Structure formats: C-alpha cells, structure tokens
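Colleague: This is the content of input_37.cif (mmCIF, C-alpha atoms):
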data_start
loop_
_atom_site.group_PDB
_atom_site.id
_atom_site.type_symbol
_atom_site.label_atom_id
_atom_site.label_comp_id
_atom_site.auth_asym_id
_atom_site.auth_seq_id
_atom_site.Cartn_x
_atom_site.Cartn_y
_atom_site.Cartn_z
ATOM 1 C CA MET A 1 38.908 -44.161 38.152
ATOM 2 C CA LYS A 2 35.153 -44.750 37.753
ATOM 3 C CA LYS A 3 34.472 -41.757 39.985
ATOM 4 C CA LEU A 4 36.421 -39.396 37.649
ATOM 5 C CA LEU A 5 34.456 -40.535 34.580
ATOM 6 C CA LYS A 6 31.147 -39.955 36.384
ATOM 7 C CA ASN A 7 31.959 -36.268 36.941
ATOM 8 C CA LYS A 8 32.821 -35.701 33.256
ATOM 9 C CA LYS A 9 29.310 -36.593 31.890
ATOM 10 C CA GLY A 10 27.481 -33.283 32.491
ATOM 11 C CA PHE A 11 27.758 -29.700 31.216
ATOM 12 C CA THR A 12 29.058 -26.935 33.395
ATOM 13 C CA LEU A 13 26.890 -23.939 34.210
ATOM 14 C CA ILE A 14 29.115 -21.704 32.055
ATOM 15 C CA GLU A 15 28.682 -23.991 29.033
ATOM 16 C CA LEU A 16 24.895 -23.997 29.451
ATOM 17 C CA LEU A 17 24.780 -20.211 29.749
ATOM 18 C CA ALA A 18 26.947 -19.834 26.630
ATOM 19 C CA VAL A 19 24.576 -22.051 24.624
ATOM 20 C CA ILE A 20 21.515 -20.143 25.889
ATOM 21 C CA ILE A 21 23.108 -16.787 24.989
ATOM 22 C CA ILE A 22 24.017 -17.999 21.497
ATOM 23 C CA LEU A 23 20.465 -19.296 20.947
ATOM 24 C CA ALA A 24 19.002 -15.997 22.164
ATOM 25 C CA ILE A 25 21.161 -14.038 19.719
ATOM 26 C CA LEU A 26 20.179 -16.324 16.836
ATOM 27 C CA MET A 27 16.471 -16.022 17.726
ATOM 28 C CA THR A 28 16.706 -12.221 17.858
ATOM 29 C CA LEU A 29 18.282 -12.138 14.406
ATOM 30 C CA ALA A 30 15.696 -14.555 13.011
ATOM 31 C CA ILE A 31 12.747 -12.607 14.459
ATOM 32 C CA THR A 32 14.099 -9.315 13.108
ATOM 33 C CA ALA A 33 14.575 -10.789 9.633
ATOM 34 C CA MET A 34 11.141 -12.431 9.642
ATOM 35 C CA SER A 35 9.368 -9.244 10.725
ATOM 36 C CA GLY A 36 10.976 -7.451 7.757
ATOM 37 C CA TYR A 37 9.778 -10.174 5.380
ATOM 38 C CA ILE A 38 6.270 -10.020 6.849
ATOM 39 C CA ARG A 39 6.166 -6.202 6.598
ATOM 40 C CA ASN A 40 7.273 -6.325 2.937
ATOM 41 C CA ALA A 41 4.727 -9.055 2.162
ATOM 42 C CA ARG A 42 1.935 -6.933 3.671
ATOM 43 C CA LYS A 43 3.031 -3.911 1.647
ATOM 44 C CA ASP A 44 3.184 -5.996 -1.554
ATOM 45 C CA THR A 45 -0.302 -7.366 -0.874
ATOM 46 C CA PHE A 46 -1.611 -3.849 -0.133
ATOM 47 C CA ARG A 47 -0.221 -2.708 -3.496
ATOM 48 C CA THR A 48 -1.683 -5.718 -5.306
ATOM 49 C CA THR A 49 -5.126 -5.074 -3.799
ATOM 50 C CA ALA A 50 -4.959 -1.421 -4.913
ATOM 51 C CA LEU A 51 -4.134 -2.547 -8.449
ATOM 52 C CA GLN A 52 -7.078 -4.979 -8.356
ATOM 53 C CA TYR A 53 -9.375 -2.076 -7.477
ATOM 54 C CA ALA A 54 -7.918 -0.055 -10.359
ATOM 55 C CA ASN A 55 -8.462 -2.937 -12.788
ATOM 56 C CA ALA A 56 -12.058 -3.414 -11.598
ATOM 57 C CA ALA A 57 -12.731 0.328 -12.040
ATOM 58 C CA ARG A 58 -11.102 0.201 -15.491
ATOM 59 C CA LEU A 59 -13.381 -2.658 -16.525
ATOM 60 C CA SER A 60 -16.488 -0.819 -15.286
ATOM 61 C CA PHE A 61 -15.345 2.370 -17.025
ATOM 62 C CA VAL A 62 -14.773 0.570 -20.334
ATOM 63 C CA ASN A 63 -18.206 -1.102 -19.991
ATOM 64 C CA GLY A 64 -19.818 2.342 -19.701
ATOM 65 C CA ASP A 65 -20.777 2.155 -16.018
ATOM 66 C CA TYR A 66 -19.316 5.633 -15.369
ATOM 67 C CA ASP A 67 -19.665 8.944 -17.211
ATOM 68 C CA LEU A 68 -16.590 10.055 -19.101
ATOM 69 C CA PRO A 69 -14.661 12.878 -17.451
ATOM 70 C CA GLY A 70 -14.171 15.926 -19.673
ATOM 71 C CA ARG A 71 -10.758 16.917 -20.969
ATOM 72 C CA GLY A 72 -8.458 17.827 -18.095
ATOM 73 C CA GLU A 73 -11.018 16.498 -15.588
ATOM 74 C CA CYS A 74 -11.013 13.438 -13.399
ATOM 75 C CA LEU A 75 -13.638 11.037 -12.134
ATOM 76 C CA VAL A 76 -13.168 9.891 -8.528
ATOM 77 C CA ILE A 77 -14.510 6.491 -7.469
ATOM 78 C CA GLU A 78 -14.530 5.395 -3.817
ATOM 79 C CA THR A 79 -13.193 1.864 -3.535
ATOM 80 C CA ASN A 80 -16.113 0.793 -1.321
ATOM 81 C CA THR A 81 -18.325 1.043 -4.457
ATOM 82 C CA ILE A 82 -16.126 -1.418 -6.344
ATOM 83 C CA ALA A 83 -16.677 -5.161 -6.028
ATOM 84 C CA LEU A 84 -13.625 -7.409 -6.131
ATOM 85 C CA GLU A 85 -13.702 -11.105 -6.964
ATOM 86 C CA SER A 86 -12.325 -11.895 -3.520
ATOM 87 C CA GLY A 87 -15.260 -10.022 -1.960
ATOM 88 C CA SER A 88 -12.995 -8.609 0.731
ATOM 89 C CA HIS A 89 -12.709 -4.897 1.483
ATOM 90 C CA GLU A 90 -9.888 -5.343 4.013
ATOM 91 C CA SER A 91 -6.281 -4.337 3.662
ATOM 92 C CA SER A 92 -3.385 -6.722 4.151
ATOM 93 C CA PHE A 93 -3.046 -5.184 7.635
ATOM 94 C CA GLY A 94 -6.467 -6.648 8.572
ATOM 95 C CA GLN A 95 -8.357 -3.345 8.519
ATOM 96 C CA ALA A 96 -11.256 -2.104 6.396
ATOM 97 C CA PHE A 97 -10.413 0.502 3.766
ATOM 98 C CA SER A 98 -11.461 4.033 4.699
ATOM 99 C CA ASP A 99 -13.632 6.429 2.693
ATOM 100 C CA ASN A 100 -10.373 8.152 1.673
ATOM 101 C CA SER A 101 -9.587 5.286 -0.719
ATOM 102 C CA TYR A 102 -10.123 6.221 -4.357
ATOM 103 C CA ILE A 103 -9.522 5.220 -7.921
ATOM 104 C CA ILE A 104 -9.102 8.360 -10.013
ATOM 105 C CA ILE A 105 -9.644 8.309 -13.773
ATOM 106 C CA TYR A 106 -7.957 11.340 -15.328
ATOM 107 C CA ASN A 107 -8.667 12.478 -18.882
ATOM 108 C CA ASP A 108 -5.218 13.695 -19.923
ATOM 109 C CA THR A 109 -5.403 15.739 -23.117
ATOM 110 C CA THR A 110 -1.749 16.701 -23.559
ATOM 111 C CA SER A 111 -1.628 14.607 -26.737
ATOM 112 C CA GLY A 112 -4.642 16.470 -28.190
ATOM 113 C CA GLN A 113 -7.030 13.562 -27.760
ATOM 114 C CA ASP A 114 -8.655 11.766 -24.844
ATOM 115 C CA LYS A 115 -6.204 9.582 -22.931
ATOM 116 C CA TYR A 116 -7.294 8.095 -19.619
ATOM 117 C CA GLU A 117 -4.772 7.602 -16.838
ATOM 118 C CA TYR A 118 -5.481 5.872 -13.550
ATOM 119 C CA TYR A 119 -4.345 7.205 -10.182
ATOM 120 C CA ILE A 120 -4.902 5.517 -6.828
ATOM 121 C CA GLN A 121 -5.097 6.619 -3.195
ATOM 122 C CA MET A 122 -5.640 3.981 -0.502
ATOM 123 C CA GLU A 123 -5.940 4.149 3.281
ATOM 124 C CA ASP A 124 -7.238 1.664 5.836
ATOM 125 C CA ALA A 125 -8.742 2.202 9.299
ATOM 126 C CA GLN A 126 -5.277 2.206 10.936
ATOM 127 C CA HIS A 127 -4.029 4.794 8.417
ATOM 128 C CA ASN A 128 -1.802 2.388 6.487
ATOM 129 C CA GLY A 129 -1.641 3.275 2.811
ATOM 130 C CA PHE A 130 -0.436 5.819 0.282
ATOM 131 C CA GLY A 131 -1.522 9.108 -1.253
ATOM 132 C CA VAL A 132 -2.501 9.853 -4.840
ATOM 133 C CA ILE A 133 -0.069 8.232 -7.268
ATOM 134 C CA LEU A 134 -0.094 7.128 -10.884
ATOM 135 C CA GLU A 135 -1.070 3.453 -10.984
ATOM 136 C CA SER A 136 1.981 2.349 -12.993
ATOM 137 C CA ASP A 137 4.393 4.038 -10.560
ATOM 138 C CA LEU A 138 3.068 2.375 -7.396
ATOM 139 C CA ASN A 139 5.482 0.077 -5.556
ATOM 140 C CA ARG A 140 5.820 -1.403 -2.060
ATOM 141 C CA ASP A 141 7.958 1.468 -0.799
ATOM 142 C CA HIS A 142 5.098 3.934 -1.361
ATOM 143 C CA VAL A 143 2.957 2.092 1.216
ATOM 144 C CA ILE A 144 3.295 3.843 4.577
ATOM 145 C CA GLU A 145 2.506 2.052 7.816
ATOM 146 C CA LYS A 146 0.350 3.692 10.476
ATOM 147 C CA ASP A 147 0.144 7.347 9.442
ATOM 148 C CA VAL A 148 -0.144 7.989 5.726
ATOM 149 C CA ALA A 149 -1.914 11.347 6.203
ATOM 150 C CA SER A 150 0.936 12.958 8.151
ATOM 151 C CA GLY A 151 3.594 12.784 5.468
ATOM 152 C CA GLY A 152 4.415 16.457 6.023
ATOM 153 C CA SER A 153 4.200 19.279 3.510
ATOM 154 C CA SER A 154 5.296 17.048 0.633
ATOM 155 C CA SER A 155 2.587 14.496 1.345
ATOM 156 C CA ASN A 156 0.539 13.436 -1.656
ATOM 157 C CA PHE A 157 -2.312 12.174 0.550
ATOM 158 C CA GLN A 158 -5.540 14.060 -0.036
ATOM 159 C CA GLY A 159 -8.512 13.790 2.318
ATOM 160 C CA SER A 160 -12.153 13.858 1.387
ATOM 161 C CA LEU A 161 -12.700 14.740 -2.273
ATOM 162 C CA ALA A 162 -15.761 16.562 -3.632
ATOM 163 C CA LYS A 163 -17.280 17.261 -7.034
ATOM 164 C CA GLY A 164 -15.981 20.522 -8.500
ATOM 165 C CA GLY A 165 -12.864 20.465 -6.325
ATOM 166 C CA THR A 166 -9.278 20.333 -7.488
ATOM 167 C CA LEU A 167 -7.172 17.206 -7.144
ATOM 168 C CA LYS A 168 -3.368 17.162 -7.206
ATOM 169 C CA LEU A 169 -1.927 14.294 -9.237
ATOM 170 C CA TYR A 170 1.443 12.725 -8.452
ATOM 171 C CA LYS A 171 3.885 10.391 -10.133
ATOM 172 C CA GLY A 172 6.267 8.182 -8.226
ATOM 173 C CA GLN A 173 9.897 9.156 -8.436
ATOM 174 C CA GLY A 174 12.390 6.563 -7.326
ATOM 175 C CA THR A 175 11.249 4.051 -4.759
ATOM 176 C CA SER A 176 9.375 6.157 -2.216
ATOM 177 C CA SER A 177 9.252 9.779 -3.357
ATOM 178 C CA TYR A 178 6.775 11.723 -5.468
ATOM 179 C CA THR A 179 6.619 14.606 -7.892
ATOM 180 C CA GLN A 180 3.463 16.541 -8.651
ATOM 181 C CA ASP A 181 2.282 15.660 -12.133
ATOM 182 C CA GLY A 182 -0.462 18.277 -12.405
ATOM 183 C CA THR A 183 -3.979 18.944 -11.211
ATOM 184 C CA CYS A 184 -7.454 18.147 -12.416
ATOM 185 C CA ARG A 185 -10.945 19.368 -11.738
ATOM 186 C CA ILE A 186 -13.143 16.660 -10.214
ATOM 187 C CA SER A 187 -16.090 16.071 -12.569
ATOM 188 C CA ASP A 188 -17.843 13.643 -10.223
ATOM 189 C CA VAL A 189 -17.330 11.507 -7.133
ATOM 190 C CA ILE A 190 -18.902 8.037 -7.108
ATOM 191 C CA LYS A 191 -19.699 7.190 -3.469
ATOM 192 C CA GLY A 192 -21.085 4.072 -1.856
#
Using the file provided, produce a representation of the structure as structure tokens.
Modeller:
Amino acid sequence: MKKLLKNKKGFTLIELLAVIIILAILMTLAITAMSGYIRNARKDTFRTTALQYANAARLSFVNGDYDLPGRGECLVIETNTIALESGSHESSFGQAFSDNSYIIIYNDTTSGQDKYEYYIQMEDAQHNGFGVILESDLNRDHVIEKDVASGGSSSNFQGSLAKGGTLKLYKGQGTSSYTQDGTCRISDVIKG
C-alpha cells in the first residue's frame, strides 16, 4: 500500500508539457499586448514632444523673437533652434530629431485679418514621425514608425524647406489620414 502512494506524488511528463505549453501561450499573449502598449506610449510621447516644440515656438513668436510672416505666408522654424525645458532633443524612440523637423507659423488671412495657425512636421534619425499637419489635428495615429518619408503619393511629409519655396499645408482627417488645407509661400526659415 505504501508503494502505491509513493508513485502518486509526482507529475507525469504529459502534465508538465501541458503546463509549459499553457504558460508559453499566456506569455506570447502578454508580450504582444505589452508591445502594443509600449508602441502607443511612444507615439503619445512623440506627439506630446511635438506639441511642446509648438508651444515654445508660439511663446517666442509672441515675445517678438521672430519676424511676422506676411499674409498667406509662413515662417518655418527648425526644432533644433528651439530650447525645451527638458533640454532633450531626442524622440521617444531614443533618436535625435532630424533637420526635417519644423514648426510652421502660417498667417491665414481668410477672415480678412491676420490669424496665425501652427503646423508641425517631425522626424527623427530612424525616420519615425509625421508630415506637415495642423497642430490641433495631431494624434498618435499620425505618428509613423520607421519610414515617415515614404508614405506614397498622398504623403504629407515634406523634405528640406527653403525661403521663397512653397509649402503644402495639411489637416488631419479622421485618425490617420490627411487632407490638403492649402499652400503658403515660405517667408523665412530659421535654422540652427
């Protein structure tokens, strides 16, 4: 009788394999869910940093640090010329922002008087980011990972900008799409 009880104390190989398989499935689901949360957190932080740059540029503009763009014109400011309180010029993906990162101040005159709107374009060294979009329309879904410049023919990403050039302006439509809002002539580009 004692011999029968002794054999009943352990787990069989099948039971151990079943437990290991169940744990592996649970870990796979947990890792997948966590990577989605981490990706969304990075996109949210990227967006927040872009808005901080826009607010810093707005403050400098209001304080008279930049010349006013004429009616229908826009002033382009590279983000590397803007100081943030955090002092960091790195994206949430751990990369420095590229020279294709801008705050754009557009003098919209459709109402008959000067009205300044802020547009943003951000890109880091690994090409994470988003193309030109109205500041108030920016959300996490506009942030593209790894290749913002290759969004195809409908891409709102614009490369190097120069004084006297034309800039296409976009508004966000829905969560991740864009519509062209108009164009402006670049009155000046503030570079670092």
Colleague: So what does the PyMOL selection byres ((chain A and resi 171) around 7) actually pick up in this one, as an NGL selection string?
Modeller: :A and (133-134 or 137 or 170 or 172-173 or 178-181)
Colleague: Between A:Arg58, A:Lys163, A:Arg71, A:His142, which is the closest to Ser187 (chain A) once you count all atoms listed in the file?
Modeller: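 Nearest candidate to Ser187 (chain A) out of A:Arg58, A:Lys163, A:Arg71, A:His142: A:Lys163.
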Colleague: One decimal, Å: what's the distance from CA of Ser155 (chain A) over to CA of Val132 (chain A), could you say?
Modeller: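 Between CA of Ser155 (chain A) and CA of Val132 (chain A) the gap is 9.3 Å.
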Colleague: Centre and edge lengths of an axis-aligned box around all listed atoms of region 116-132 of chain A, with 8 Å added on each side, are to be given in Å to one decimal, as lines of an AutoDock Vina configuration file.
Modeller:
center_x = -4.6
center_y = 5.8
center_z = -4.3
size_x = 24.3
size_y = 24.2
size_z = 46.6
Colleague: Do you know which residues the PyMOL selection byres ((chain A and resi 191) around 9) returns on this file, as a ChimeraX atom specification?
Modeller: /A:76-81,99,189-190,192
Colleague: Please save C-alpha atoms of the selected residues as a PDB file, in the coordinates of the input.
Modeller:
ATOM      1  CA  VAL A  76     -13.168   9.891  -8.528  1.00  0.00           C
ATOM      2  CA  ILE A  77     -14.510   6.491  -7.469  1.00  0.00           C
ATOM      3  CA  GLU A  78     -14.530   5.395  -3.817  1.00  0.00           C
ATOM      4  CA  THR A  79     -13.193   1.864  -3.535  1.00  0.00           C
ATOM      5  CA  ASN A  80     -16.113   0.793  -1.321  1.00  0.00           C
ATOM      6  CA  THR A  81     -18.325   1.043  -4.457  1.00  0.00           C
ATOM      7  CA  ASP A  99     -13.632   6.429   2.693  1.00  0.00           C
ATOM      8  CA  VAL A 189     -17.330  11.507  -7.133  1.00  0.00           C
ATOM      9  CA  ILE A 190     -18.902   8.037  -7.108  1.00  0.00           C
ATOM     10  CA  GLY A 192     -21.085   4.072  -1.856  1.00  0.00           C
TER      11      GLY A 192
END
Colleague: When you draw a straight line from CA of Leu75 (chain A) to CA of Ser177 (chain A), how long is it in Å?
Modeller: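 Answer for the CA of Leu75 (chain A) to CA of Ser177 (chain A) separation: 24.5 Å.
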Colleague: With distances taken over only C-alpha atoms, which of A:Leu169, A:Met34, A:Leu13, A:Ala125 is nearest to Asp108 (chain A)?
Modeller: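 Under the stated criterion, the closest residue is A:Leu169.
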Colleague: Name the closest residue to Val62 (chain A) among the candidates A:Leu161, A:Ile186, A:Leu26, A:Ile105; distances are taken between atoms, counting only C-alpha atoms.
Modeller: A:Ile105
Colleague: Here is a test: counting only C-alpha atoms, which residue of A:Asn156, A:Thr183, A:Asn128, A:Ser98 is nearest to Lys168 (chain A)?
Modeller: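 That would be A:Thr183, the residue with the smallest distance to Lys168 (chain A).
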Colleague: One decimal, Å: what's the distance from CA of Ser35 (chain A) over to CA of Asn100 (chain A), could you say?
Modeller: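 Interatomic distance, CA of Ser35 (chain A) to CA of Asn100 (chain A): 27.8 Å.
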Colleague: In the coordinate frame of the file, compute which residues have an atom within 9 Å of (-5.1, 5.2, 2.8) when using all atoms listed in the file, and state them as a ChimeraX atom specification.
Modeller: /A:97-102,121-131,143-144,147-149,157
Colleague: What does the PyMOL selection byres ((chain A and resi 39-43) around 10) select in this file, as a ChimeraX atom specification?
Modeller: /A:34-38,44-49,91-94,128-129,139-145
Colleague: Let's have the selection written as a PDB file, in the coordinates of the input, with C-alpha atoms.
Modeller:
ATOM      1  CA  MET A  34      11.141 -12.431   9.642  1.00  0.00           C
ATOM      2  CA  SER A  35       9.368  -9.244  10.725  1.00  0.00           C
ATOM      3  CA  GLY A  36      10.976  -7.451   7.757  1.00  0.00           C
ATOM      4  CA  TYR A  37       9.778 -10.174   5.380  1.00  0.00           C
ATOM      5  CA  ILE A  38       6.270 -10.020   6.849  1.00  0.00           C
ATOM      6  CA  ASP A  44       3.184  -5.996  -1.554  1.00  0.00           C
ATOM      7  CA  THR A  45      -0.302  -7.366  -0.874  1.00  0.00           C
ATOM      8  CA  PHE A  46      -1.611  -3.849  -0.133  1.00  0.00           C
ATOM      9  CA  ARG A  47      -0.221  -2.708  -3.496  1.00  0.00           C
ATOM     10  CA  THR A  48      -1.683  -5.718  -5.306  1.00  0.00           C
ATOM     11  CA  THR A  49      -5.126  -5.074  -3.799  1.00  0.00           C
ATOM     12  CA  SER A  91      -6.281  -4.337   3.662  1.00  0.00           C
ATOM     13  CA  SER A  92      -3.385  -6.722   4.151  1.00  0.00           C
ATOM     14  CA  PHE A  93      -3.046  -5.184   7.635  1.00  0.00           C
ATOM     15  CA  GLY A  94      -6.467  -6.648   8.572  1.00  0.00           C
ATOM     16  CA  ASN A 128      -1.802   2.388   6.487  1.00  0.00           C
ATOM     17  CA  GLY A 129      -1.641   3.275   2.811  1.00  0.00           C
ATOM     18  CA  ASN A 139       5.482   0.077  -5.556  1.00  0.00           C
ATOM     19  CA  ARG A 140       5.820  -1.403  -2.060  1.00  0.00           C
ATOM     20  CA  ASP A 141       7.958   1.468  -0.799  1.00  0.00           C
ATOM     21  CA  HIS A 142       5.098   3.934  -1.361  1.00  0.00           C
ATOM     22  CA  VAL A 143       2.957   2.092   1.216  1.00  0.00           C
ATOM     23  CA  ILE A 144       3.295   3.843   4.577  1.00  0.00           C
ATOM     24  CA  GLU A 145       2.506   2.052   7.816  1.00  0.00           C
TER      25      GLU A 145
END
Colleague: Which residue, A:Ile20, A:Leu84, A:Leu68, A:Ala50, has the smallest gap to Asp114 (chain A) when you use all atoms listed in the file?
Modeller: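 Selected residue with least distance to Asp114 (chain A): A:Leu68.
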Colleague: Looking at all atoms listed in the file, which of A:Ser111, A:Cys74, A:Tyr106, A:Tyr119 is the one that sits closest to Ala162 (chain A)?
Modeller: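 The closest residue to Ala162 (chain A) is A:Cys74.
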